[in-house]
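Please read the structure below before turning to the comments.
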Amino acid sequence: MKLNDKHILLGITGSIAAYKAAILVRLLVKEGAQVKVVMTELAKEFITPLTMATLSKNPILVDFFDPENGQWNSHVDLGMWADLYLIAPATANTMGKMANGVADNLLLTSYLSAKCPVMVAPAMDLDMFQHPANTKNIEILKSYGNIILEPATGELASGLSGKGRMEEPEVIVEKVIDFFTSKKKLNNKTVLVTAGPTYEPIDPVRYIGNFSTGKMGFAIAEELANQGARVFLITGPTSLNTINKSISRIDVVTADEMYSAAINYFPKCDIAVMSAAVADFKPSELFQEKVKRGKDNLQINLVPNKDIAAELGKIKSKNQVLVGFALETNNELENATQKIKSKNLDFIVLNSLKEKGAGFGFNTNKISIIDKNGRKSDFELKLKNKVAIDIVNKLVDLLNQKNN
Ligand code: CTP
């Protein structure tokens, strides 16, 4: 049994392909998986909850609460329970809602709160599948890290023939097994990632900060976890969420807090990726009360923060890989190369604020990677989760070189 004790949450939406979900559950259970099923109202018209409950050996969840006894069906608990959320069949309607954060049923609230990877098997007519609105939604879902099981080409319920048929249950189960068993590049590795800005308080209501959103660091953490690594993500203030359960998140506010956490976790890590935009300075003293408006100029004395990357560079062992980021506005290559030396990095990821679509807040980034020997590789402008794949691939190569 290849899925022994894996927890799979199966989401079924209102498509004619819903009948295949019965076979899907049977095959998953046969492989040893524990399956819970959440259905949309419309899905019940295509396959009965009784069939699905019998096959999955679990009650079916449709409503936010049980209409019989009022018991709350917690989408948060479902999201925590699952190792994988498989939505099959997924209609264009549900995918559109998933892409846009609409949460008007239990299947969708479970999606938004799922901590586990999500696999989606679309099912629809060929014209719907090809519509730019739908292809855009699929791209958005991919950018969230969701795995899309491309529909097959063949005869459709409408009588037309083309791409849109939900993949056969046997193939879906194979993909699920592959997902859990495939050889991941960073199995048994532990990685530290710093992300986001730091805030340096001036008084109880004000701080010095920067425009970092943490998107790049979070994308790297997700990709590392997708490759099997255990990740400690030390992040400054951000509105982002982590998805993969292998990420342990440590929230900090100031550079000093980030430094303490990083020094603490680094010795047990094989790799550290310093993607945080750490404030270089902090006020020398914190005003205990809110500073009042006055006629005179206000002078705030700033003192340097610890350079976290450089401090880790000092204690780095020969098998550990330390990677930094450089955000430069001028003399990019020279400054980046200098930082590799001064912080004892293995390589540095250079992103320029001059590049259109790259830098703080964007979903895309354009990077160059510069290694210790000054070799520079340039990458295209891409979505940050794709940039993360390039960075992680480089990390894997280097780690393999160091440990062989
Ligand atoms: N960094 C760090 N701690 C700091 C400052 C920077 O860990 N106090 C890390 C960043 O996370 C990044 C790298 O060092 O990986 C380079 O950051 P950057 O701000 O570009 O460089 P600085 O060393 O601060 O130099 P400058 O701001 O003068 O360019």
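Following the order of the structure tokens, first chain is A, next is B, and so on, with residues numbered from 1 inside each chain and ligands from 1 in the order they appear.
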- Message: Just want the residues within 9 Å of ligand 1, written as an NGL selection string, counting only C-alpha atoms and all ligand atoms.
- Response: :A and (194-195 or 255-256 or 258-259 or 273-281 or 304-312 or 323-329 or 335-336 or 339-340 or 342-343 or 348-350)
Output file for the residues above (N, CA and C atoms, as a compact mmCIF listing (two decimals), in the first residue's frame):
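Writing done, so here's part.txt:
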```txt
# COMPACT_ATOMS: atom_id res chain seq x y z
N THR A 194 15.53 33.65 6.04
CA THR A 194 15.02 34.90 6.62
C THR A 194 14.23 35.62 5.53
N ALA A 195 13.16 36.29 5.92
CA ALA A 195 12.30 36.94 4.92
C ALA A 195 11.66 38.20 5.48
N ALA A 255 15.41 43.70 13.87
CA ALA A 255 16.62 43.02 13.39
C ALA A 255 17.26 42.25 14.54
N ASP A 256 17.22 42.80 15.74
CA ASP A 256 17.83 42.09 16.88
C ASP A 256 17.13 40.76 17.12
N MET A 258 15.48 39.04 14.87
CA MET A 258 15.81 38.16 13.74
C MET A 258 17.20 37.55 13.92
N TYR A 259 18.12 38.39 14.40
CA TYR A 259 19.49 37.92 14.64
C TYR A 259 19.49 36.79 15.68
N VAL A 273 19.34 30.79 3.79
CA VAL A 273 19.07 31.75 2.71
C VAL A 273 18.63 33.06 3.35
N MET A 274 19.43 34.08 3.16
CA MET A 274 19.16 35.37 3.82
C MET A 274 18.42 36.29 2.85
N SER A 275 17.10 36.15 2.81
CA SER A 275 16.38 37.00 1.85
C SER A 275 15.70 38.19 2.52
N ALA A 276 15.86 38.30 3.84
CA ALA A 276 15.20 39.43 4.54
C ALA A 276 15.84 40.75 4.17
N ALA A 277 15.01 41.78 4.16
CA ALA A 277 15.52 43.15 3.99
C ALA A 277 15.67 43.71 5.40
N VAL A 278 16.81 43.40 6.01
CA VAL A 278 17.02 43.77 7.41
C VAL A 278 17.34 45.27 7.47
N ALA A 279 16.72 45.96 8.41
CA ALA A 279 17.03 47.39 8.56
C ALA A 279 18.48 47.51 9.01
N ASP A 280 19.23 48.35 8.33
CA ASP A 280 20.65 48.48 8.68
C ASP A 280 20.85 49.27 9.97
N PHE A 281 19.88 50.12 10.28
CA PHE A 281 20.02 50.97 11.47
C PHE A 281 18.78 50.89 12.36
N PRO A 304 23.99 51.23 14.05
CA PRO A 304 23.89 50.08 13.13
C PRO A 304 23.34 48.83 13.81
N ASN A 305 22.56 48.08 13.06
CA ASN A 305 22.12 46.75 13.52
C ASN A 305 23.21 45.75 13.21
N LYS A 306 23.11 44.58 13.84
CA LYS A 306 24.05 43.50 13.51
C LYS A 306 23.79 43.03 12.08
N ASP A 307 24.85 42.69 11.36
CA ASP A 307 24.70 42.12 10.03
C ASP A 307 24.51 40.60 10.21
N ILE A 308 23.27 40.16 10.08
CA ILE A 308 22.95 38.76 10.40
C ILE A 308 23.71 37.80 9.48
N ALA A 309 23.68 38.12 8.17
CA ALA A 309 24.36 37.23 7.21
C ALA A 309 25.85 37.14 7.55
N ALA A 310 26.46 38.27 7.85
CA ALA A 310 27.90 38.26 8.15
C ALA A 310 28.19 37.48 9.43
N GLU A 311 27.31 37.59 10.41
CA GLU A 311 27.52 36.86 11.67
C GLU A 311 27.40 35.35 11.42
N LEU A 312 26.45 34.94 10.58
CA LEU A 312 26.35 33.51 10.25
C LEU A 312 27.57 33.08 9.45
N VAL A 323 23.64 31.71 1.68
CA VAL A 323 23.30 32.48 0.49
C VAL A 323 22.69 33.82 0.89
N GLY A 324 23.11 34.86 0.20
CA GLY A 324 22.57 36.18 0.49
C GLY A 324 21.87 36.77 -0.71
N PHE A 325 21.22 37.87 -0.47
CA PHE A 325 20.57 38.64 -1.54
C PHE A 325 21.23 40.00 -1.60
N ALA A 326 21.23 40.60 -2.74
CA ALA A 326 21.71 41.98 -2.83
C ALA A 326 20.72 42.76 -3.68
N LEU A 327 20.23 43.83 -3.11
CA LEU A 327 19.34 44.71 -3.85
C LEU A 327 20.12 46.00 -4.06
N GLU A 328 20.52 46.23 -5.28
CA GLU A 328 21.42 47.35 -5.53
C GLU A 328 20.76 48.35 -6.48
N THR A 329 21.17 49.60 -6.35
CA THR A 329 20.66 50.62 -7.28
C THR A 329 21.78 51.10 -8.21
N ASN A 335 29.24 45.69 -6.12
CA ASN A 335 28.73 45.66 -4.75
C ASN A 335 28.35 44.24 -4.33
N ALA A 336 27.71 43.51 -5.26
CA ALA A 336 27.28 42.15 -4.93
C ALA A 336 28.49 41.27 -4.66
N LYS A 339 29.93 41.85 -1.34
CA LYS A 339 29.13 41.27 -0.24
C LYS A 339 29.40 39.78 -0.07
N ILE A 340 29.68 39.08 -1.17
CA ILE A 340 30.01 37.64 -1.05
C ILE A 340 31.21 37.50 -0.13
N SER A 342 32.57 39.87 2.07
CA SER A 342 32.47 40.42 3.43
C SER A 342 31.55 39.58 4.32
N LYS A 343 30.62 38.84 3.71
CA LYS A 343 29.69 38.04 4.53
C LYS A 343 30.01 36.54 4.47
N ILE A 348 25.43 34.82 -4.18
CA ILE A 348 24.52 35.91 -3.87
C ILE A 348 23.51 36.06 -5.01
N VAL A 349 22.29 36.37 -4.63
CA VAL A 349 21.25 36.58 -5.63
C VAL A 349 21.09 38.09 -5.79
N LEU A 350 21.35 38.53 -6.99
CA LEU A 350 21.32 39.97 -7.23
C LEU A 350 19.99 40.34 -7.88
```
Residue contacts of range 22-29 of chain A (9 Å, only C-alpha atoms) excluding same-chain residues fewer than 3 positions away, as a PDB file with all heavy atoms, in the first residue's frame:
```
ATOM      1  N   LEU A   3       0.042   4.454  -0.037  1.00  0.00           N
ATOM      2  CA  LEU A   3      -0.405   5.712   0.595  1.00  0.00           C
ATOM      3  C   LEU A   3      -0.779   5.496   2.067  1.00  0.00           C
ATOM      4  O   LEU A   3      -1.631   6.181   2.608  1.00  0.00           O
ATOM      5  CB  LEU A   3      -1.608   6.281  -0.161  1.00  0.00           C
ATOM      6  CG  LEU A   3      -1.347   6.747  -1.592  1.00  0.00           C
ATOM      7  CD1 LEU A   3      -2.649   7.117  -2.291  1.00  0.00           C
ATOM      8  CD2 LEU A   3      -0.392   7.933  -1.607  1.00  0.00           C
ATOM      9  N   ASN A   4      -0.086   4.510   2.677  1.00  0.00           N
ATOM     10  CA  ASN A   4      -0.405   4.158   4.052  1.00  0.00           C
ATOM     11  C   ASN A   4      -0.470   5.367   4.972  1.00  0.00           C
ATOM     12  O   ASN A   4       0.484   6.131   5.054  1.00  0.00           O
ATOM     13  CB  ASN A   4       0.668   3.203   4.574  1.00  0.00           C
ATOM     14  CG  ASN A   4       0.010   1.957   5.108  1.00  0.00           C
ATOM     15  OD1 ASN A   4      -1.209   1.939   5.315  1.00  0.00           O
ATOM     16  ND2 ASN A   4       0.798   0.931   5.313  1.00  0.00           N
ATOM     17  N   ILE A   8      -5.940  12.283   3.024  1.00  0.00           N
ATOM     18  CA  ILE A   8      -6.298  13.003   1.800  1.00  0.00           C
ATOM     19  C   ILE A   8      -7.703  13.584   1.930  1.00  0.00           C
ATOM     20  O   ILE A   8      -8.666  12.875   2.225  1.00  0.00           O
ATOM     21  CB  ILE A   8      -6.193  12.080   0.566  1.00  0.00           C
ATOM     22  CG1 ILE A   8      -4.727  11.649   0.447  1.00  0.00           C
ATOM     23  CG2 ILE A   8      -6.655  12.804  -0.702  1.00  0.00           C
ATOM     24  CD1 ILE A   8      -4.410  10.723  -0.638  1.00  0.00           C
ATOM     25  N   LEU A  10     -10.597  15.090  -0.067  1.00  0.00           N
ATOM     26  CA  LEU A  10     -11.047  15.121  -1.465  1.00  0.00           C
ATOM     27  C   LEU A  10     -12.194  16.119  -1.598  1.00  0.00           C
ATOM     28  O   LEU A  10     -13.217  15.995  -0.921  1.00  0.00           O
ATOM     29  CB  LEU A  10     -11.511  13.719  -1.890  1.00  0.00           C
ATOM     30  CG  LEU A  10     -12.098  13.610  -3.299  1.00  0.00           C
ATOM     31  CD1 LEU A  10     -11.048  13.924  -4.364  1.00  0.00           C
ATOM     32  CD2 LEU A  10     -12.682  12.226  -3.551  1.00  0.00           C
ATOM     33  N   ALA A  18     -18.100  14.036 -11.525  1.00  0.00           N
ATOM     34  CA  ALA A  18     -18.139  13.696 -10.097  1.00  0.00           C
ATOM     35  C   ALA A  18     -18.325  12.191  -9.883  1.00  0.00           C
ATOM     36  O   ALA A  18     -17.898  11.653  -8.859  1.00  0.00           O
ATOM     37  CB  ALA A  18     -19.253  14.474  -9.403  1.00  0.00           C
ATOM     38  N   TYR A  19     -18.939  11.511 -10.864  1.00  0.00           N
ATOM     39  CA  TYR A  19     -19.136  10.059 -10.673  1.00  0.00           C
ATOM     40  C   TYR A  19     -17.793   9.347 -10.557  1.00  0.00           C
ATOM     41  O   TYR A  19     -17.656   8.323  -9.892  1.00  0.00           O
ATOM     42  CB  TYR A  19     -19.999   9.462 -11.795  1.00  0.00           C
ATOM     43  CG  TYR A  19     -19.277   9.243 -13.109  1.00  0.00           C
ATOM     44  CD1 TYR A  19     -18.657   8.021 -13.377  1.00  0.00           C
ATOM     45  CD2 TYR A  19     -19.198  10.246 -14.073  1.00  0.00           C
ATOM     46  CE1 TYR A  19     -17.975   7.822 -14.579  1.00  0.00           C
ATOM     47  CE2 TYR A  19     -18.523  10.055 -15.255  1.00  0.00           C
ATOM     48  CZ  TYR A  19     -17.913   8.841 -15.505  1.00  0.00           C
ATOM     49  OH  TYR A  19     -17.229   8.647 -16.670  1.00  0.00           O
ATOM     50  N   GLY A  32      -4.340   2.541   1.085  1.00  0.00           N
ATOM     51  CA  GLY A  32      -4.060   2.771   2.502  1.00  0.00           C
ATOM     52  C   GLY A  32      -4.337   4.182   2.982  1.00  0.00           C
ATOM     53  O   GLY A  32      -4.106   4.505   4.148  1.00  0.00           O
ATOM     54  N   ALA A  33      -4.812   5.073   2.087  1.00  0.00           N
ATOM     55  CA  ALA A  33      -5.041   6.461   2.493  1.00  0.00           C
ATOM     56  C   ALA A  33      -6.297   6.581   3.348  1.00  0.00           C
ATOM     57  O   ALA A  33      -7.237   5.790   3.204  1.00  0.00           O
ATOM     58  CB  ALA A  33      -5.182   7.347   1.262  1.00  0.00           C
ATOM     59  N   GLN A  34      -6.286   7.551   4.254  1.00  0.00           N
ATOM     60  CA  GLN A  34      -7.522   7.922   4.950  1.00  0.00           C
ATOM     61  C   GLN A  34      -8.112   9.089   4.173  1.00  0.00           C
ATOM     62  O   GLN A  34      -7.400  10.059   3.899  1.00  0.00           O
ATOM     63  CB  GLN A  34      -7.215   8.376   6.362  1.00  0.00           C
ATOM     64  CG  GLN A  34      -6.715   7.246   7.249  1.00  0.00           C
ATOM     65  CD  GLN A  34      -6.586   7.724   8.673  1.00  0.00           C
ATOM     66  OE1 GLN A  34      -7.433   8.473   9.169  1.00  0.00           O
ATOM     67  NE2 GLN A  34      -5.533   7.304   9.330  1.00  0.00           N
ATOM     68  N   VAL A  35      -9.385   8.972   3.810  1.00  0.00           N
ATOM     69  CA  VAL A  35      -9.978   9.990   2.940  1.00  0.00           C
ATOM     70  C   VAL A  35     -11.170  10.648   3.635  1.00  0.00           C
ATOM     71  O   VAL A  35     -12.032   9.963   4.186  1.00  0.00           O
ATOM     72  CB  VAL A  35     -10.437   9.361   1.604  1.00  0.00           C
ATOM     73  CG1 VAL A  35     -11.015  10.429   0.682  1.00  0.00           C
ATOM     74  CG2 VAL A  35      -9.281   8.645   0.917  1.00  0.00           C
ATOM     75  N   VAL A  37     -14.184  13.552   2.672  1.00  0.00           N
ATOM     76  CA  VAL A  37     -14.729  14.162   1.459  1.00  0.00           C
ATOM     77  C   VAL A  37     -15.506  15.427   1.808  1.00  0.00           C
ATOM     78  O   VAL A  37     -16.335  15.433   2.713  1.00  0.00           O
ATOM     79  CB  VAL A  37     -15.662  13.169   0.723  1.00  0.00           C
ATOM     80  CG1 VAL A  37     -16.287  13.827  -0.504  1.00  0.00           C
ATOM     81  CG2 VAL A  37     -14.885  11.925   0.315  1.00  0.00           C
ATOM     82  N   ILE A  47     -23.457  13.024  -7.541  1.00  0.00           N
ATOM     83  CA  ILE A  47     -23.111  11.776  -6.839  1.00  0.00           C
ATOM     84  C   ILE A  47     -23.593  11.912  -5.401  1.00  0.00           C
ATOM     85  O   ILE A  47     -23.452  12.979  -4.795  1.00  0.00           O
ATOM     86  CB  ILE A  47     -21.591  11.480  -6.927  1.00  0.00           C
ATOM     87  CG1 ILE A  47     -21.265  10.147  -6.287  1.00  0.00           C
ATOM     88  CG2 ILE A  47     -20.729  12.556  -6.297  1.00  0.00           C
ATOM     89  CD1 ILE A  47     -20.388   9.280  -7.111  1.00  0.00           C
ATOM     90  N   THR A  51     -23.076   7.467  -1.153  1.00  0.00           N
ATOM     91  CA  THR A  51     -22.058   6.684  -1.880  1.00  0.00           C
ATOM     92  C   THR A  51     -20.674   7.058  -1.388  1.00  0.00           C
ATOM     93  O   THR A  51     -19.836   6.205  -1.076  1.00  0.00           O
ATOM     94  CB  THR A  51     -22.137   6.999  -3.407  1.00  0.00           C
ATOM     95  OG1 THR A  51     -23.467   6.799  -3.821  1.00  0.00           O
ATOM     96  CG2 THR A  51     -21.184   6.157  -4.218  1.00  0.00           C
ATOM     97  N   MET A  52     -20.431   8.376  -1.310  1.00  0.00           N
ATOM     98  CA  MET A  52     -19.088   8.839  -0.949  1.00  0.00           C
ATOM     99  C   MET A  52     -18.769   8.503   0.512  1.00  0.00           C
ATOM    100  O   MET A  52     -17.632   8.151   0.830  1.00  0.00           O
ATOM    101  CB  MET A  52     -18.966  10.359  -1.171  1.00  0.00           C
ATOM    102  CG  MET A  52     -19.141  10.802  -2.605  1.00  0.00           C
ATOM    103  SD  MET A  52     -18.227   9.827  -3.819  1.00  0.00           S
ATOM    104  CE  MET A  52     -16.559  10.113  -3.313  1.00  0.00           C
ATOM    105  N   LEU A  55     -17.915   4.763   0.737  1.00  0.00           N
ATOM    106  CA  LEU A  55     -16.599   4.420   0.184  1.00  0.00           C
ATOM    107  C   LEU A  55     -15.454   5.007   1.014  1.00  0.00           C
ATOM    108  O   LEU A  55     -14.422   4.370   1.188  1.00  0.00           O
ATOM    109  CB  LEU A  55     -16.488   4.916  -1.262  1.00  0.00           C
ATOM    110  CG  LEU A  55     -17.369   4.168  -2.262  1.00  0.00           C
ATOM    111  CD1 LEU A  55     -17.363   4.888  -3.612  1.00  0.00           C
ATOM    112  CD2 LEU A  55     -16.890   2.729  -2.433  1.00  0.00           C
ATOM    113  N   SER A  56     -15.648   6.222   1.525  1.00  0.00           N
ATOM    114  CA  SER A  56     -14.542   6.857   2.271  1.00  0.00           C
ATOM    115  C   SER A  56     -14.551   6.453   3.738  1.00  0.00           C
ATOM    116  O   SER A  56     -13.598   6.715   4.462  1.00  0.00           O
ATOM    117  CB  SER A  56     -14.634   8.380   2.157  1.00  0.00           C
ATOM    118  OG  SER A  56     -15.770   8.851   2.851  1.00  0.00           O
ATOM    119  N   ALA A  88     -11.167  17.182  -7.104  1.00  0.00           N
ATOM    120  CA  ALA A  88     -11.413  16.419  -8.325  1.00  0.00           C
ATOM    121  C   ALA A  88     -12.840  15.887  -8.326  1.00  0.00           C
ATOM    122  O   ALA A  88     -13.184  15.139  -7.429  1.00  0.00           O
ATOM    123  CB  ALA A  88     -10.425  15.247  -8.415  1.00  0.00           C
ATOM    124  N   GLU A 168      -8.371  10.324 -15.680  1.00  0.00           N
ATOM    125  CA  GLU A 168      -8.973   9.102 -15.135  1.00  0.00           C
ATOM    126  C   GLU A 168      -8.505   8.869 -13.688  1.00  0.00           C
ATOM    127  O   GLU A 168      -7.351   9.172 -13.352  1.00  0.00           O
ATOM    128  CB  GLU A 168      -8.582   7.889 -15.992  1.00  0.00           C
ATOM    129  CG  GLU A 168      -9.192   7.891 -17.379  1.00  0.00           C
ATOM    130  CD  GLU A 168     -10.719   8.056 -17.355  1.00  0.00           C
ATOM    131  OE1 GLU A 168     -11.378   7.440 -16.486  1.00  0.00           O
ATOM    132  OE2 GLU A 168     -11.235   8.817 -18.183  1.00  0.00           O
ATOM    133  N   PRO A 169      -9.388   8.326 -12.824  1.00  0.00           N
ATOM    134  CA  PRO A 169      -9.020   8.112 -11.417  1.00  0.00           C
ATOM    135  C   PRO A 169      -7.708   7.341 -11.246  1.00  0.00           C
ATOM    136  O   PRO A 169      -6.900   7.677 -10.385  1.00  0.00           O
ATOM    137  CB  PRO A 169     -10.199   7.292 -10.871  1.00  0.00           C
ATOM    138  CG  PRO A 169     -11.346   7.666 -11.733  1.00  0.00           C
ATOM    139  CD  PRO A 169     -10.782   7.963 -13.089  1.00  0.00           C
ATOM    140  N   GLU A 170      -7.468   6.342 -12.090  1.00  0.00           N
ATOM    141  CA  GLU A 170      -6.227   5.552 -11.968  1.00  0.00           C
ATOM    142  C   GLU A 170      -5.004   6.456 -12.149  1.00  0.00           C
ATOM    143  O   GLU A 170      -4.003   6.324 -11.444  1.00  0.00           O
ATOM    144  CB  GLU A 170      -6.168   4.432 -13.029  1.00  0.00           C
ATOM    145  CG  GLU A 170      -7.167   3.301 -12.838  1.00  0.00           C
ATOM    146  CD  GLU A 170      -8.606   3.678 -13.225  1.00  0.00           C
ATOM    147  OE1 GLU A 170      -8.797   4.771 -13.809  1.00  0.00           O
ATOM    148  OE2 GLU A 170      -9.523   2.883 -12.934  1.00  0.00           O
ATOM    149  N   ILE A 172      -4.930   9.761 -11.724  1.00  0.00           N
ATOM    150  CA  ILE A 172      -4.850  10.711 -10.602  1.00  0.00           C
ATOM    151  C   ILE A 172      -4.170  10.039  -9.403  1.00  0.00           C
ATOM    152  O   ILE A 172      -3.287  10.613  -8.770  1.00  0.00           O
ATOM    153  CB  ILE A 172      -6.251  11.243 -10.224  1.00  0.00           C
ATOM    154  CG1 ILE A 172      -6.827  12.047 -11.393  1.00  0.00           C
ATOM    155  CG2 ILE A 172      -6.199  12.086  -8.954  1.00  0.00           C
ATOM    156  CD1 ILE A 172      -8.209  12.617 -11.155  1.00  0.00           C
ATOM    157  N   VAL A 173      -4.571   8.804  -9.123  1.00  0.00           N
ATOM    158  CA  VAL A 173      -3.984   8.106  -7.964  1.00  0.00           C
ATOM    159  C   VAL A 173      -2.483   7.897  -8.181  1.00  0.00           C
ATOM    160  O   VAL A 173      -1.680   8.081  -7.256  1.00  0.00           O
ATOM    161  CB  VAL A 173      -4.718   6.767  -7.702  1.00  0.00           C
ATOM    162  CG1 VAL A 173      -4.011   5.960  -6.629  1.00  0.00           C
ATOM    163  CG2 VAL A 173      -6.151   7.050  -7.272  1.00  0.00           C
ATOM    164  N   VAL A 176      -0.832  11.061  -7.340  1.00  0.00           N
ATOM    165  CA  VAL A 176      -0.820  11.273  -5.883  1.00  0.00           C
ATOM    166  C   VAL A 176       0.311  10.443  -5.265  1.00  0.00           C
ATOM    167  O   VAL A 176       1.086  10.927  -4.426  1.00  0.00           O
ATOM    168  CB  VAL A 176      -2.184  10.893  -5.261  1.00  0.00           C
ATOM    169  CG1 VAL A 176      -2.115  10.899  -3.738  1.00  0.00           C
ATOM    170  CG2 VAL A 176      -3.267  11.862  -5.727  1.00  0.00           C
TER     171      VAL A 176
END
```
- Query: Which neighbours of Asn137 in chain A fall inside 7 Å, counting only C-alpha atoms, when residues of the same chain fewer than 3 positions from it are skipped, and could you give them as number ranges by chain?
  - Reply: A: 95-96, 99, 133-134, 140-141
- Task: For range 205-209 of chain A, work out the shell of residues within 9 Å, counting only C-alpha atoms and skipping chain neighbours fewer than 2 positions away, then give it as a ChimeraX atom specification.
- Result: /A:197-203,211-212,278-279,281-283,289-291
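Going from CA of Leu399 in chain A over to CA of Lys215 in chain A, you cover 24.2 Å.
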